[in-house]
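One structure is given here, and the rest of the page talks about it.
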Amino acid sequence: MLLEDNVGIIPPYQTSVWAYNGMVPGPVIRIKLGETLQLKLTNNLPQATTIHWHGVRVPNAMDGVPGVTQPPVQPGESFTYQFTPKDAGTFWFHPHVKAAEQIERGLHGVLIVEDAEEPEYSQEFVWVLDDWLLTKDRQVATNFVSRHDLAHDGRWGNVLTINGRYQPAFQVKAGERIRIRMVNVANGRVFSPSFAKLVPYVIAVDGMLAEAPFPLREFYLAPGNRIDLDIIIPKAFAGKSLSVQNLYGRKKSALAFLQVAAEEAVETPGFDSPRARQFPRWADAIKLPIEHEYILNAKRGGVYGISWTIDNKTWPDNATHELTSGQFYRLRFTNKSSRLHPMHLHGQFFKVIAKNGRAVQENFWRDTVLIGPKQSIDIGLIPLDKGLWLNHCHILEHAEAGMMTVINVN
Ligand code: C2O
Ligand code: CU
């Protein structure tokens with residue numbers, strides 16, 4: 001029997017998980033831009049797996065997609081990933097085999113690629129946002145890809161955690177300027193973090209610096225998304241406990257606390273927030289013809305009884321779209337359903353240029369964009385890296401039930 005949201009269960013629990021190197025979340029891997037990452041995956045799981053480097057522009061063969069870029073790594077086997085990231089930023093990694101089960105059980109980690117020079121924040125935090133669907137005996141419910149999950153926005157858990165802990169407290173000092181790298185690794189839940197009286201600035205989305213930092217207001221951090229925040233702890237807040245809330249959904253809930261030390265305030269570092277170079281002008285992008293409109297919808301049937309489709313077909317029956325590298329494309333996602341679909345494109349960054357056909361300006365790149373019920377979103381894309389790149393819903397149950405296709409960049 002499943003528990004209601006946070007009712008009557010007081011963490012911490014002893015919950016069995018699947019883990020990278022015995023830890024949940026998995027290790028935070030930090031390298032410098034220009035360095036090569038070499039990582040050997042040894043599969044001690046009872047099922048095949050791979051590692052996908054979400055948001056990282058890797059050579060296609062390192063993308064970790066079973067049957068597309070590599071054979072799945074069978075139990076007892078190993079595979080070595082090796083690549084040199086092209087971008088600095090906050091990325092993450094996770095399996096791409098039975099992801100709805102493997103990620104939910106705890107297989108995910110963060111990859112931070114540091115720029116040659118990084119601003120000197122007083123402290124930097126990595127916050128891995130997740131939710132867990134636990135049973136009464138506090139174990140991961142094993143009804144993965146259930147009919148309920150498929151009829152809704154995937155699997156939403158009953159315990160929200162940051163770095164695997166329930167409502168953790170983070171120690172800061174008044175006057176400090178902190179950076180928080182936030183990653184949403186949940187199967188289906190969207191977070192909308194709010195810092196009450198603090199005014200965080202978003203400096204990066206999906207790893208890439210924004211053209212200009214912007215205040216965090218209502219930002220939907222969908223599964224797969226990352227944001228980097230720049231936050232000054234006001235000197236007057238010494239001794240206070242500040243709560244960080246999740247405002248998405250019907251009930252708001254506390255995610256974490258920032259515990260401000262009672263001691264005297266420290267000097268606030270005075271650098272300019274990092275920002276991207278000015279983007280090329282995208283204003284005319286909206287005038288270009290739509291290269292392809294992806295229709296997102298559900299239908300009856302398939303292995304799970306409910307299938308999630310792109311252009312009325314499930315993976316791998318839908319068509320591969322051929323794109324030419326270096327060319328500009330306008331693509332449209334049209335959500336005919338009343339559920340959420342955070343669409344993620346492997347190996348590419350894109351800009352949202354229209355919502356419901358009306359031009360919008362976002363001053364940052366993305367690799368994942370949330371398409372709301374009955375909404376359409378146009379993205380502008382200049383594919384750069386050649387190969388077969390997946391285009392799928394990051395609600396892992398939707399992807400598992402077919403909502404996945406591929407682009408071939410030539
Ligand atoms: Cu994190 Cu195919 O995705
Ligand atoms: Cu979806």
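By order of appearance in the structure tokens: chains A, B, ..., then residues from 1 within every chain, and ligands from 1 in the order shown.
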Problem - strand (DSSP E or B) per DSSP on the backbone: members of segment 125-334 of chain A, as a PyMOL selection string - result: chain A and resi 125-132+134-135+140+159-162+165+169-172+177-184+191+193-194+201-205+208-215+221+226-232+241-246+253-260+292-300+306-310+313+321-323+329-334
Problem - Close residues to ligand 2 using only C-alpha atoms and all ligand atoms, limit 10 Å, as an MDAnalysis selection string - result: chainID A and resid 150 152:154 188 296:298 308:310 335 337 339:343 370:372 392:404
Practice task
Name the residues, by chain letter and number, that sit within 7 Å of ligand 1 using only C-alpha atoms and all ligand atoms, and give them as a PyMOL selection string.
Solution key: chain A and resi 52+54+94+96+224+344+346+390+392+394
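DSSP annotation of segment 214-347 of chain A from backbone atoms: helix (DSSP H, G or I) residues are Lys235, Ala236, Phe237, Ala283, Asp284, Ala285, Ile286 and Lys287 of chain A.
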Fill in the blank from the handout: note - atom CA of Gln259 of chain A and atom CA of Ser243 of chain A are separated by 8.6 Å
Fill in the blank from the handout: atom CA of Asn21 of chain A to atom CA of Thr49 of chain A measures 14.7 Å
Practice task
Find the spatial neighbours of Leu33 of chain A, counting only C-alpha atoms, within a cut-off of 8 Å - ignore same-chain residues fewer than 3 positions away - and output them as a PyMOL selection string.
Solution key: chain A and resi 84-88+113-116
Would you write out those residues with N, CA and C atoms, as a compact mmCIF listing (two decimals), in the first residue's frame?
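Final output, saved to part_20.txt:
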# COMPACT_ATOMS: atom_id res chain seq x y z
N THR A 84 35.47 14.76 -24.28
CA THR A 84 35.95 16.06 -23.80
C THR A 84 34.80 17.04 -23.97
N PRO A 85 34.15 17.43 -22.87
CA PRO A 85 32.99 18.31 -23.00
C PRO A 85 33.36 19.61 -23.72
N LYS A 86 32.40 20.13 -24.47
CA LYS A 86 32.64 21.36 -25.22
C LYS A 86 32.15 22.59 -24.48
N ASP A 87 31.36 22.35 -23.42
CA ASP A 87 30.75 23.46 -22.71
C ASP A 87 31.00 23.32 -21.21
N ALA A 88 31.18 24.46 -20.55
CA ALA A 88 31.22 24.45 -19.08
C ALA A 88 29.78 24.48 -18.59
N VAL A 113 31.21 20.80 -15.26
CA VAL A 113 32.37 21.18 -16.06
C VAL A 113 32.66 22.63 -15.72
N GLU A 114 33.83 22.84 -15.12
CA GLU A 114 34.18 24.20 -14.70
C GLU A 114 34.90 24.94 -15.81
N ASP A 115 34.57 26.22 -15.92
CA ASP A 115 35.24 27.08 -16.87
C ASP A 115 36.67 27.34 -16.38
N ALA A 116 37.54 27.82 -17.27
CA ALA A 116 38.91 28.12 -16.88
C ALA A 116 38.89 29.02 -15.65
Practice task
Can you pull out every residue within 12 Å of Leu133 of chain A, counting only C-alpha atoms, but drop anything in the same chain fewer than 5 positions away, and send it as a PyMOL selection string?
Solution key: chain A and resi 1-6+15+101+104-106+138-144+149+154-161+186-189
Closest pair table for segment 30-133 of chain A residues within 12 Å of segment 190-203 of chain A, only C-alpha atoms, as a Markdown table:
| residue | atom | partner | partner_atom | distance |
| --- | --- | --- | --- | --- |
| A:Gly89 | CA | A:Ile203 | CA | 10.6 |
| A:Thr90 | CA | A:Ile203 | CA | 11.3 |
| A:Pro119 | CA | A:Ile203 | CA | 11.6 |
| A:Trp127 | CA | A:Pro193 | CA | 11.4 |
| A:Val128 | CA | A:Phe191 | CA | 11.5 |
| A:Leu129 | CA | A:Phe191 | CA | 8.2 |
| A:Asp130 | CA | A:Phe191 | CA | 9.2 |
| A:Asp131 | CA | A:Val190 | CA | 10.0 |
Would you output that residue set with N, CA and C atoms, as a PDB file, in the first residue's frame?
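See result20.pdb below for the written result:
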ATOM      1  N   GLY A  89      29.524  23.931 -17.407  1.00  0.00           N
ATOM      2  CA  GLY A  89      28.176  24.026 -16.856  1.00  0.00           C
ATOM      3  C   GLY A  89      27.778  22.840 -16.006  1.00  0.00           C
ATOM      4  N   THR A  90      26.500  22.858 -15.620  1.00  0.00           N
ATOM      5  CA  THR A  90      25.929  21.831 -14.747  1.00  0.00           C
ATOM      6  C   THR A  90      25.196  20.796 -15.591  1.00  0.00           C
ATOM      7  N   PRO A 119      33.643  32.370 -11.150  1.00  0.00           N
ATOM      8  CA  PRO A 119      33.506  33.431 -10.152  1.00  0.00           C
ATOM      9  C   PRO A 119      33.662  32.883  -8.736  1.00  0.00           C
ATOM     10  N   TRP A 127      22.374  20.832  -5.607  1.00  0.00           N
ATOM     11  CA  TRP A 127      21.115  20.312  -5.069  1.00  0.00           C
ATOM     12  C   TRP A 127      20.472  19.396  -6.099  1.00  0.00           C
ATOM     13  N   VAL A 128      20.399  18.142  -5.758  1.00  0.00           N
ATOM     14  CA  VAL A 128      19.741  17.168  -6.620  1.00  0.00           C
ATOM     15  C   VAL A 128      18.312  16.989  -6.112  1.00  0.00           C
ATOM     16  N   LEU A 129      17.357  17.507  -6.869  1.00  0.00           N
ATOM     17  CA  LEU A 129      15.942  17.441  -6.467  1.00  0.00           C
ATOM     18  C   LEU A 129      15.313  16.158  -6.976  1.00  0.00           C
ATOM     19  N   ASP A 130      14.637  15.462  -6.082  1.00  0.00           N
ATOM     20  CA  ASP A 130      14.034  14.191  -6.474  1.00  0.00           C
ATOM     21  C   ASP A 130      12.780  13.957  -5.652  1.00  0.00           C
ATOM     22  N   ASP A 131      11.985  13.031  -6.104  1.00  0.00           N
ATOM     23  CA  ASP A 131      10.900  12.549  -5.264  1.00  0.00           C
ATOM     24  C   ASP A 131      10.889  11.034  -5.364  1.00  0.00           C
TER      25      ASP A 131
END
Handout entry: Separation of atom CA of Gln171 of chain A from atom CA of Gly26 of chain A in Å
Key =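 Answer for the atom CA of Gly26 of chain A to atom CA of Gln171 of chain A separation: 21.9 Å.
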Exercise for the section: Determine the nearest neighbour of Ala100 of chain A from the options A:Pro223, A:Gly326, A:Gly270, A:Gly380, counting only C-alpha atoms. Expected result: A:Pro223
Problem - Contacts of Thr80 of chain A at 8 Å (only C-alpha atoms; same-chain gap of 4+ positions) as a VMD selection string - result: chain A and resid 38 to 41
